[in-house]
file work-v7.cif (mmCIF, N, CA and C atoms)
data_coords
#
loop_
_atom_site.label_atom_id
_atom_site.label_comp_id
_atom_site.auth_asym_id
_atom_site.auth_seq_id
_atom_site.Cartn_x
_atom_site.Cartn_y
_atom_site.Cartn_z
N MET A 1 0.11 16.41 -13.97
CA MET A 1 1.11 16.35 -12.92
C MET A 1 2.01 15.14 -13.15
N PRO A 2 3.29 15.27 -12.86
CA PRO A 2 4.20 14.15 -13.06
C PRO A 2 3.88 13.01 -12.09
N GLY A 3 4.18 11.80 -12.52
CA GLY A 3 3.93 10.63 -11.69
C GLY A 3 5.09 10.34 -10.77
N MET A 4 4.83 9.43 -9.87
CA MET A 4 5.87 8.98 -8.95
C MET A 4 5.71 7.49 -8.74
N THR A 5 6.75 6.88 -8.21
CA THR A 5 6.73 5.46 -7.93
C THR A 5 7.01 5.22 -6.46
N VAL A 6 6.17 4.42 -5.84
CA VAL A 6 6.35 3.98 -4.46
C VAL A 6 6.47 2.46 -4.52
N THR A 7 7.40 1.89 -3.79
CA THR A 7 7.55 0.44 -3.75
C THR A 7 6.84 -0.10 -2.52
N VAL A 8 6.02 -1.12 -2.73
CA VAL A 8 5.34 -1.75 -1.60
C VAL A 8 5.87 -3.15 -1.41
N ARG A 9 6.04 -3.51 -0.16
CA ARG A 9 6.41 -4.89 0.21
C ARG A 9 5.14 -5.52 0.76
N LEU A 10 4.82 -6.70 0.24
CA LEU A 10 3.53 -7.31 0.51
C LEU A 10 3.71 -8.68 1.16
N SER A 11 2.66 -9.12 1.88
CA SER A 11 2.66 -10.44 2.49
C SER A 11 1.29 -11.06 2.32
N GLY A 12 1.17 -12.30 2.74
CA GLY A 12 -0.12 -12.98 2.72
C GLY A 12 -0.73 -13.05 1.33
N VAL A 13 -2.04 -12.86 1.28
CA VAL A 13 -2.78 -12.95 0.02
C VAL A 13 -2.30 -11.90 -0.98
N LEU A 14 -1.85 -10.75 -0.49
CA LEU A 14 -1.35 -9.72 -1.41
C LEU A 14 -0.10 -10.20 -2.13
N ALA A 15 0.82 -10.83 -1.40
CA ALA A 15 2.04 -11.35 -2.03
C ALA A 15 1.71 -12.48 -2.99
N GLN A 16 0.71 -13.30 -2.66
CA GLN A 16 0.31 -14.37 -3.56
C GLN A 16 -0.22 -13.81 -4.87
N ARG A 17 -0.95 -12.72 -4.80
CA ARG A 17 -1.56 -12.14 -6.00
C ARG A 17 -0.63 -11.22 -6.78
N LEU A 18 0.24 -10.49 -6.07
CA LEU A 18 1.03 -9.44 -6.72
C LEU A 18 2.54 -9.62 -6.63
N GLY A 19 3.00 -10.58 -5.84
CA GLY A 19 4.43 -10.72 -5.59
C GLY A 19 4.79 -10.03 -4.29
N SER A 20 5.95 -10.35 -3.75
CA SER A 20 6.31 -9.83 -2.43
C SER A 20 6.79 -8.38 -2.45
N ARG A 21 7.14 -7.89 -3.63
CA ARG A 21 7.63 -6.52 -3.75
C ARG A 21 7.17 -5.98 -5.10
N ARG A 22 6.56 -4.79 -5.08
CA ARG A 22 5.99 -4.29 -6.33
C ARG A 22 6.04 -2.76 -6.35
N PRO A 23 6.46 -2.19 -7.49
CA PRO A 23 6.37 -0.74 -7.64
C PRO A 23 4.92 -0.35 -7.95
N ILE A 24 4.49 0.76 -7.38
CA ILE A 24 3.15 1.30 -7.60
C ILE A 24 3.31 2.69 -8.20
N GLU A 25 2.69 2.91 -9.34
CA GLU A 25 2.73 4.22 -10.00
C GLU A 25 1.57 5.07 -9.50
N LEU A 26 1.85 6.30 -9.09
CA LEU A 26 0.83 7.21 -8.58
C LEU A 26 1.00 8.58 -9.24
N THR A 27 -0.06 9.36 -9.25
CA THR A 27 0.01 10.71 -9.79
C THR A 27 -0.49 11.70 -8.76
N GLY A 28 -0.27 12.97 -9.03
CA GLY A 28 -0.73 14.03 -8.14
C GLY A 28 0.07 14.08 -6.86
N ALA A 29 -0.61 14.33 -5.76
CA ALA A 29 0.00 14.38 -4.43
C ALA A 29 -0.57 13.22 -3.61
N PRO A 30 -0.08 12.00 -3.86
CA PRO A 30 -0.71 10.82 -3.27
C PRO A 30 -0.47 10.70 -1.76
N THR A 31 -1.40 9.99 -1.15
CA THR A 31 -1.33 9.68 0.28
C THR A 31 -1.25 8.16 0.45
N VAL A 32 -1.09 7.75 1.69
CA VAL A 32 -1.11 6.32 2.00
C VAL A 32 -2.42 5.70 1.53
N GLU A 33 -3.52 6.42 1.67
CA GLU A 33 -4.83 5.91 1.20
C GLU A 33 -4.80 5.61 -0.30
N ASP A 34 -4.12 6.44 -1.07
CA ASP A 34 -4.01 6.21 -2.51
C ASP A 34 -3.20 4.94 -2.80
N VAL A 35 -2.16 4.70 -2.00
CA VAL A 35 -1.36 3.48 -2.15
C VAL A 35 -2.24 2.26 -1.85
N VAL A 36 -2.98 2.32 -0.75
CA VAL A 36 -3.86 1.21 -0.38
C VAL A 36 -4.90 0.96 -1.47
N ALA A 37 -5.48 2.02 -1.99
CA ALA A 37 -6.48 1.88 -3.05
C ALA A 37 -5.90 1.22 -4.29
N GLU A 38 -4.68 1.60 -4.67
CA GLU A 38 -4.06 1.02 -5.86
C GLU A 38 -3.69 -0.44 -5.63
N VAL A 39 -3.17 -0.76 -4.46
CA VAL A 39 -2.88 -2.16 -4.13
C VAL A 39 -4.18 -2.97 -4.18
N GLY A 40 -5.24 -2.42 -3.61
CA GLY A 40 -6.53 -3.11 -3.63
C GLY A 40 -7.05 -3.32 -5.04
N ARG A 41 -6.89 -2.32 -5.88
CA ARG A 41 -7.33 -2.44 -7.27
C ARG A 41 -6.54 -3.54 -7.99
N LEU A 42 -5.22 -3.52 -7.82
CA LEU A 42 -4.38 -4.51 -8.49
C LEU A 42 -4.64 -5.93 -7.99
N ALA A 43 -4.94 -6.06 -6.69
CA ALA A 43 -5.16 -7.38 -6.10
C ALA A 43 -6.63 -7.80 -6.12
N ALA A 44 -7.50 -6.94 -6.66
CA ALA A 44 -8.93 -7.22 -6.73
C ALA A 44 -9.54 -7.48 -5.36
N LEU A 45 -9.21 -6.61 -4.40
CA LEU A 45 -9.78 -6.71 -3.06
C LEU A 45 -11.03 -5.86 -2.95
N ASP A 46 -11.96 -6.28 -2.10
CA ASP A 46 -13.15 -5.47 -1.89
C ASP A 46 -12.88 -4.41 -0.81
N ALA A 47 -13.81 -3.49 -0.66
CA ALA A 47 -13.64 -2.36 0.27
C ALA A 47 -13.43 -2.82 1.70
N ASP A 48 -14.10 -3.89 2.13
CA ASP A 48 -13.93 -4.40 3.49
C ASP A 48 -12.50 -4.86 3.72
N ALA A 49 -11.93 -5.54 2.76
CA ALA A 49 -10.56 -6.02 2.89
C ALA A 49 -9.58 -4.86 2.96
N LEU A 50 -9.82 -3.80 2.21
CA LEU A 50 -8.93 -2.64 2.22
C LEU A 50 -8.89 -1.96 3.58
N ARG A 51 -10.02 -1.92 4.26
CA ARG A 51 -10.07 -1.28 5.58
C ARG A 51 -9.17 -1.97 6.58
N GLY A 52 -8.96 -3.27 6.41
CA GLY A 52 -8.15 -4.03 7.35
C GLY A 52 -6.66 -3.94 7.13
N LEU A 53 -6.23 -3.39 6.00
CA LEU A 53 -4.80 -3.32 5.71
C LEU A 53 -4.12 -2.25 6.56
N ALA A 54 -2.89 -2.54 6.97
CA ALA A 54 -2.07 -1.57 7.70
C ALA A 54 -0.85 -1.26 6.84
N VAL A 55 -0.39 -0.02 6.93
CA VAL A 55 0.79 0.40 6.16
C VAL A 55 1.85 0.89 7.15
N VAL A 56 3.07 0.40 6.95
CA VAL A 56 4.17 0.67 7.87
C VAL A 56 5.37 1.22 7.09
N ALA A 57 6.05 2.19 7.68
CA ALA A 57 7.33 2.69 7.16
C ALA A 57 8.24 2.96 8.34
N ASP A 58 9.47 2.51 8.25
CA ASP A 58 10.46 2.72 9.30
C ASP A 58 9.95 2.28 10.67
N GLY A 59 9.21 1.16 10.69
CA GLY A 59 8.74 0.60 11.94
C GLY A 59 7.53 1.27 12.56
N SER A 60 6.94 2.24 11.88
CA SER A 60 5.77 2.95 12.41
C SER A 60 4.56 2.77 11.51
N PHE A 61 3.40 2.56 12.13
CA PHE A 61 2.16 2.51 11.37
C PHE A 61 1.83 3.90 10.86
N LEU A 62 1.37 3.98 9.63
CA LEU A 62 1.11 5.28 9.00
C LEU A 62 -0.38 5.57 8.95
N ARG A 63 -0.71 6.83 9.13
CA ARG A 63 -2.09 7.29 8.94
C ARG A 63 -2.40 7.28 7.46
N ARG A 64 -3.65 7.06 7.13
CA ARG A 64 -4.05 6.99 5.71
C ARG A 64 -3.94 8.34 5.01
N ASP A 65 -3.99 9.43 5.75
CA ASP A 65 -3.91 10.75 5.12
C ASP A 65 -2.48 11.28 4.98
N ARG A 66 -1.49 10.47 5.39
CA ARG A 66 -0.09 10.89 5.29
C ARG A 66 0.36 10.90 3.83
N PRO A 67 1.00 11.99 3.39
CA PRO A 67 1.55 12.02 2.02
C PRO A 67 2.66 10.99 1.86
N VAL A 68 2.83 10.49 0.65
CA VAL A 68 3.94 9.60 0.34
C VAL A 68 4.89 10.32 -0.62
N ALA A 69 6.14 9.91 -0.59
CA ALA A 69 7.16 10.55 -1.41
C ALA A 69 7.63 9.61 -2.52
N ASP A 70 8.05 10.19 -3.62
CA ASP A 70 8.59 9.43 -4.73
C ASP A 70 9.76 8.58 -4.23
N GLY A 71 9.75 7.31 -4.56
CA GLY A 71 10.83 6.41 -4.18
C GLY A 71 10.68 5.79 -2.80
N GLU A 72 9.65 6.16 -2.07
CA GLU A 72 9.45 5.63 -0.72
C GLU A 72 9.12 4.14 -0.77
N GLU A 73 9.52 3.41 0.28
CA GLU A 73 9.19 1.99 0.39
C GLU A 73 8.27 1.80 1.59
N LEU A 74 7.16 1.12 1.36
CA LEU A 74 6.15 0.91 2.40
C LEU A 74 5.84 -0.57 2.51
N ASP A 75 5.56 -1.02 3.73
CA ASP A 75 5.09 -2.38 3.96
C ASP A 75 3.58 -2.32 4.08
N VAL A 76 2.88 -3.13 3.31
CA VAL A 76 1.41 -3.23 3.39
C VAL A 76 1.12 -4.56 4.04
N LEU A 77 0.53 -4.51 5.22
CA LEU A 77 0.30 -5.70 6.02
C LEU A 77 -1.14 -6.13 6.01
N VAL A 78 -1.35 -7.42 5.88
CA VAL A 78 -2.68 -8.02 5.93
C VAL A 78 -2.87 -8.50 7.38
N PRO A 79 -4.00 -8.18 8.01
CA PRO A 79 -4.20 -8.65 9.39
C PRO A 79 -4.24 -10.18 9.45
N VAL A 80 -3.73 -10.70 10.54
CA VAL A 80 -3.69 -12.15 10.73
C VAL A 80 -4.47 -12.46 12.00
N ALA A 81 -5.34 -13.43 11.93
CA ALA A 81 -6.09 -13.87 13.10
C ALA A 81 -5.67 -15.29 13.43
N GLY A 82 -5.71 -15.59 14.67
CA GLY A 82 -5.34 -16.94 15.07
C GLY A 82 -5.75 -17.20 16.49
N GLY A 83 -5.48 -18.39 16.91
CA GLY A 83 -5.92 -18.70 18.26
C GLY A 83 -5.08 -19.66 18.93
#

call {"tool": "encode", "arguments": {"input": "work-v7.cif", "output": "structure tokens"}}
result
Amino acid sequence: MPGMTVTVRLSGVLAQRLGSRRPIELTGAPTVEDVVAEVGRLAALDADALRGLAVVADGSFLRRDRPVADGEELDVLVPVAGG
């Protein structure tokens, strides 16, 4: 199956490890979960850290099972705690 490219905008530890903006190559019929998995692989995150990531497009949080389209831009957010 032909590949596709999705651009992710990153913050926090993800931006430190991968840069603030990065193209992600995917194959098949990828979903948001596939994007998260690839970002996690590239950033060497463990499974617990991946569960905490949120993905946003056009101001809306996306479900992990949502398909992604070639050329789409997504924000991958790292949760922030504070007090």

call {"tool": "select_by_dssp", "arguments": {"input": "work-v7.cif", "residues": "chain A", "states": "strand (DSSP E or B)", "output": "PyMOL selection string"}}
result
chain A and resi 4-10+21-26+31+54-57+60-61+67+73-77

call {"tool": "write_last_selection", "arguments": {"input": "work-v7.cif", "atoms": "N, CA and C atoms", "output": "short mmCIF file (atom, residue, chain, number, x, y, z; two decimals), in the frame of the given file"}}
result
data_model
loop_
_atom_site.label_atom_id
_atom_site.label_comp_id
_atom_site.auth_asym_id
_atom_site.auth_seq_id
_atom_site.Cartn_x
_atom_site.Cartn_y
_atom_site.Cartn_z
N MET A 4 4.83 9.43 -9.87
CA MET A 4 5.87 8.98 -8.95
C MET A 4 5.71 7.49 -8.74
N THR A 5 6.75 6.88 -8.21
CA THR A 5 6.73 5.46 -7.93
C THR A 5 7.01 5.22 -6.46
N VAL A 6 6.17 4.42 -5.84
CA VAL A 6 6.35 3.98 -4.46
C VAL A 6 6.47 2.46 -4.52
N THR A 7 7.40 1.89 -3.79
CA THR A 7 7.55 0.44 -3.75
C THR A 7 6.84 -0.10 -2.52
N VAL A 8 6.02 -1.12 -2.73
CA VAL A 8 5.34 -1.75 -1.60
C VAL A 8 5.87 -3.15 -1.41
N ARG A 9 6.04 -3.51 -0.16
CA ARG A 9 6.41 -4.89 0.21
C ARG A 9 5.14 -5.52 0.76
N LEU A 10 4.82 -6.70 0.24
CA LEU A 10 3.53 -7.31 0.51
C LEU A 10 3.71 -8.68 1.16
N ARG A 21 7.14 -7.89 -3.63
CA ARG A 21 7.63 -6.52 -3.75
C ARG A 21 7.17 -5.98 -5.10
N ARG A 22 6.56 -4.79 -5.08
CA ARG A 22 5.99 -4.29 -6.33
C ARG A 22 6.04 -2.76 -6.35
N PRO A 23 6.46 -2.19 -7.49
CA PRO A 23 6.37 -0.74 -7.64
C PRO A 23 4.92 -0.35 -7.95
N ILE A 24 4.49 0.76 -7.38
CA ILE A 24 3.15 1.30 -7.60
C ILE A 24 3.31 2.69 -8.20
N GLU A 25 2.69 2.91 -9.34
CA GLU A 25 2.73 4.22 -10.00
C GLU A 25 1.57 5.07 -9.50
N LEU A 26 1.85 6.30 -9.09
CA LEU A 26 0.83 7.21 -8.58
C LEU A 26 1.00 8.58 -9.24
N THR A 31 -1.40 9.99 -1.15
CA THR A 31 -1.33 9.68 0.28
C THR A 31 -1.25 8.16 0.45
N ALA A 54 -2.89 -2.54 6.97
CA ALA A 54 -2.07 -1.57 7.70
C ALA A 54 -0.85 -1.26 6.84
N VAL A 55 -0.39 -0.02 6.93
CA VAL A 55 0.79 0.40 6.16
C VAL A 55 1.85 0.89 7.15
N VAL A 56 3.07 0.40 6.95
CA VAL A 56 4.17 0.67 7.87
C VAL A 56 5.37 1.22 7.09
N ALA A 57 6.05 2.19 7.68
CA ALA A 57 7.33 2.69 7.16
C ALA A 57 8.24 2.96 8.34
N SER A 60 6.94 2.24 11.88
CA SER A 60 5.77 2.95 12.41
C SER A 60 4.56 2.77 11.51
N PHE A 61 3.40 2.56 12.13
CA PHE A 61 2.16 2.51 11.37
C PHE A 61 1.83 3.90 10.86
N PRO A 67 1.00 11.99 3.39
CA PRO A 67 1.55 12.02 2.02
C PRO A 67 2.66 10.99 1.86
N GLU A 73 9.52 3.41 0.28
CA GLU A 73 9.19 1.99 0.39
C GLU A 73 8.27 1.80 1.59
N LEU A 74 7.16 1.12 1.36
CA LEU A 74 6.15 0.91 2.40
C LEU A 74 5.84 -0.57 2.51
N ASP A 75 5.56 -1.02 3.73
CA ASP A 75 5.09 -2.38 3.96
C ASP A 75 3.58 -2.32 4.08
N VAL A 76 2.88 -3.13 3.31
CA VAL A 76 1.41 -3.23 3.39
C VAL A 76 1.12 -4.56 4.04
N LEU A 77 0.53 -4.51 5.22
CA LEU A 77 0.30 -5.70 6.02
C LEU A 77 -1.14 -6.13 6.01
#

call {"tool": "atom_distance", "arguments": {"input": "work-v7.cif", "atom1": "atom C of A:Phe61", "atom2": "atom CA of A:Leu14"}}
result
18.6 Å

call {"tool": "residues_around", "arguments": {"input": "work-v7.cif", "residues": "A:Thr7", "least_positions_apart": "5", "cutoff": "8 Å", "atoms": "only C-alpha atoms", "output": "VMD selection string"}}
result
chain A and resid 21 to 24 71 to 74

call {"tool": "residues_near_point", "arguments": {"input": "work-v7.cif", "point": "(-4.2, -2.3, 2.2)", "cutoff": "7 Å", "atoms": "all atoms listed in the file", "output": "MDAnalysis selection string"}}
result
chainID A and resid 35:37 39:40 49:55 76:78

call {"tool": "closest_residue", "arguments": {"input": "work-v7.cif", "among": "A:Val13, A:Asp46, A:Glu38, A:Met4", "to": "A:Leu26", "atoms": "all atoms listed in the file"}}
result
A:Met4

call {"tool": "atom_distance", "arguments": {"input": "work-v7.cif", "atom1": "atom C of A:Val6", "atom2": "atom C of A:Leu45"}}
result
19.4 Å

call {"tool": "closest_residue", "arguments": {"input": "work-v7.cif", "among": "A:Gly12, A:Val56, A:Thr5, A:Asp34", "to": "A:Asp70", "atoms": "all atoms listed in the file"}}
result
A:Thr5

call {"tool": "atom_distance", "arguments": {"input": "work-v7.cif", "atom1": "atom N of A:Leu18", "atom2": "atom C of A:Arg41"}}
result
9.9 Å

call {"tool": "select_by_dssp", "arguments": {"input": "work-v7.cif", "residues": "chain A", "states": "alpha helix (DSSP H)", "output": "VMD selection string"}}
result
chain A and resid 12 to 18 32 to 43 47 to 51

call {"tool": "residues_near_point", "arguments": {"input": "work-v7.cif", "point": "(-3.9, 8.3, 0.6)", "cutoff": "8 Å", "atoms": "all atoms listed in the file", "output": "compact mmCIF listing (two decimals) with N, CA and C atoms, keeping the file's coordinate frame"}}
result
# COMPACT_ATOMS: atom_id res chain seq x y z
N ALA A 29 -0.61 14.33 -5.76
CA ALA A 29 0.00 14.38 -4.43
C ALA A 29 -0.57 13.22 -3.61
N PRO A 30 -0.08 12.00 -3.86
CA PRO A 30 -0.71 10.82 -3.27
C PRO A 30 -0.47 10.70 -1.76
N THR A 31 -1.40 9.99 -1.15
CA THR A 31 -1.33 9.68 0.28
C THR A 31 -1.25 8.16 0.45
N VAL A 32 -1.09 7.75 1.69
CA VAL A 32 -1.11 6.32 2.00
C VAL A 32 -2.42 5.70 1.53
N GLU A 33 -3.52 6.42 1.67
CA GLU A 33 -4.83 5.91 1.20
C GLU A 33 -4.80 5.61 -0.30
N ASP A 34 -4.12 6.44 -1.07
CA ASP A 34 -4.01 6.21 -2.51
C ASP A 34 -3.20 4.94 -2.80
N VAL A 35 -2.16 4.70 -2.00
CA VAL A 35 -1.36 3.48 -2.15
C VAL A 35 -2.24 2.26 -1.85
N VAL A 36 -2.98 2.32 -0.75
CA VAL A 36 -3.86 1.21 -0.38
C VAL A 36 -4.90 0.96 -1.47
N ALA A 37 -5.48 2.02 -1.99
CA ALA A 37 -6.48 1.88 -3.05
C ALA A 37 -5.90 1.22 -4.29
N ARG A 63 -0.71 6.83 9.13
CA ARG A 63 -2.09 7.29 8.94
C ARG A 63 -2.40 7.28 7.46
N ARG A 64 -3.65 7.06 7.13
CA ARG A 64 -4.05 6.99 5.71
C ARG A 64 -3.94 8.34 5.01
N ASP A 65 -3.99 9.43 5.75
CA ASP A 65 -3.91 10.75 5.12
C ASP A 65 -2.48 11.28 4.98
N ARG A 66 -1.49 10.47 5.39
CA ARG A 66 -0.09 10.89 5.29
C ARG A 66 0.36 10.90 3.83
N PRO A 67 1.00 11.99 3.39
CA PRO A 67 1.55 12.02 2.02
C PRO A 67 2.66 10.99 1.86
N VAL A 68 2.83 10.49 0.65
CA VAL A 68 3.94 9.60 0.34
C VAL A 68 4.89 10.32 -0.62
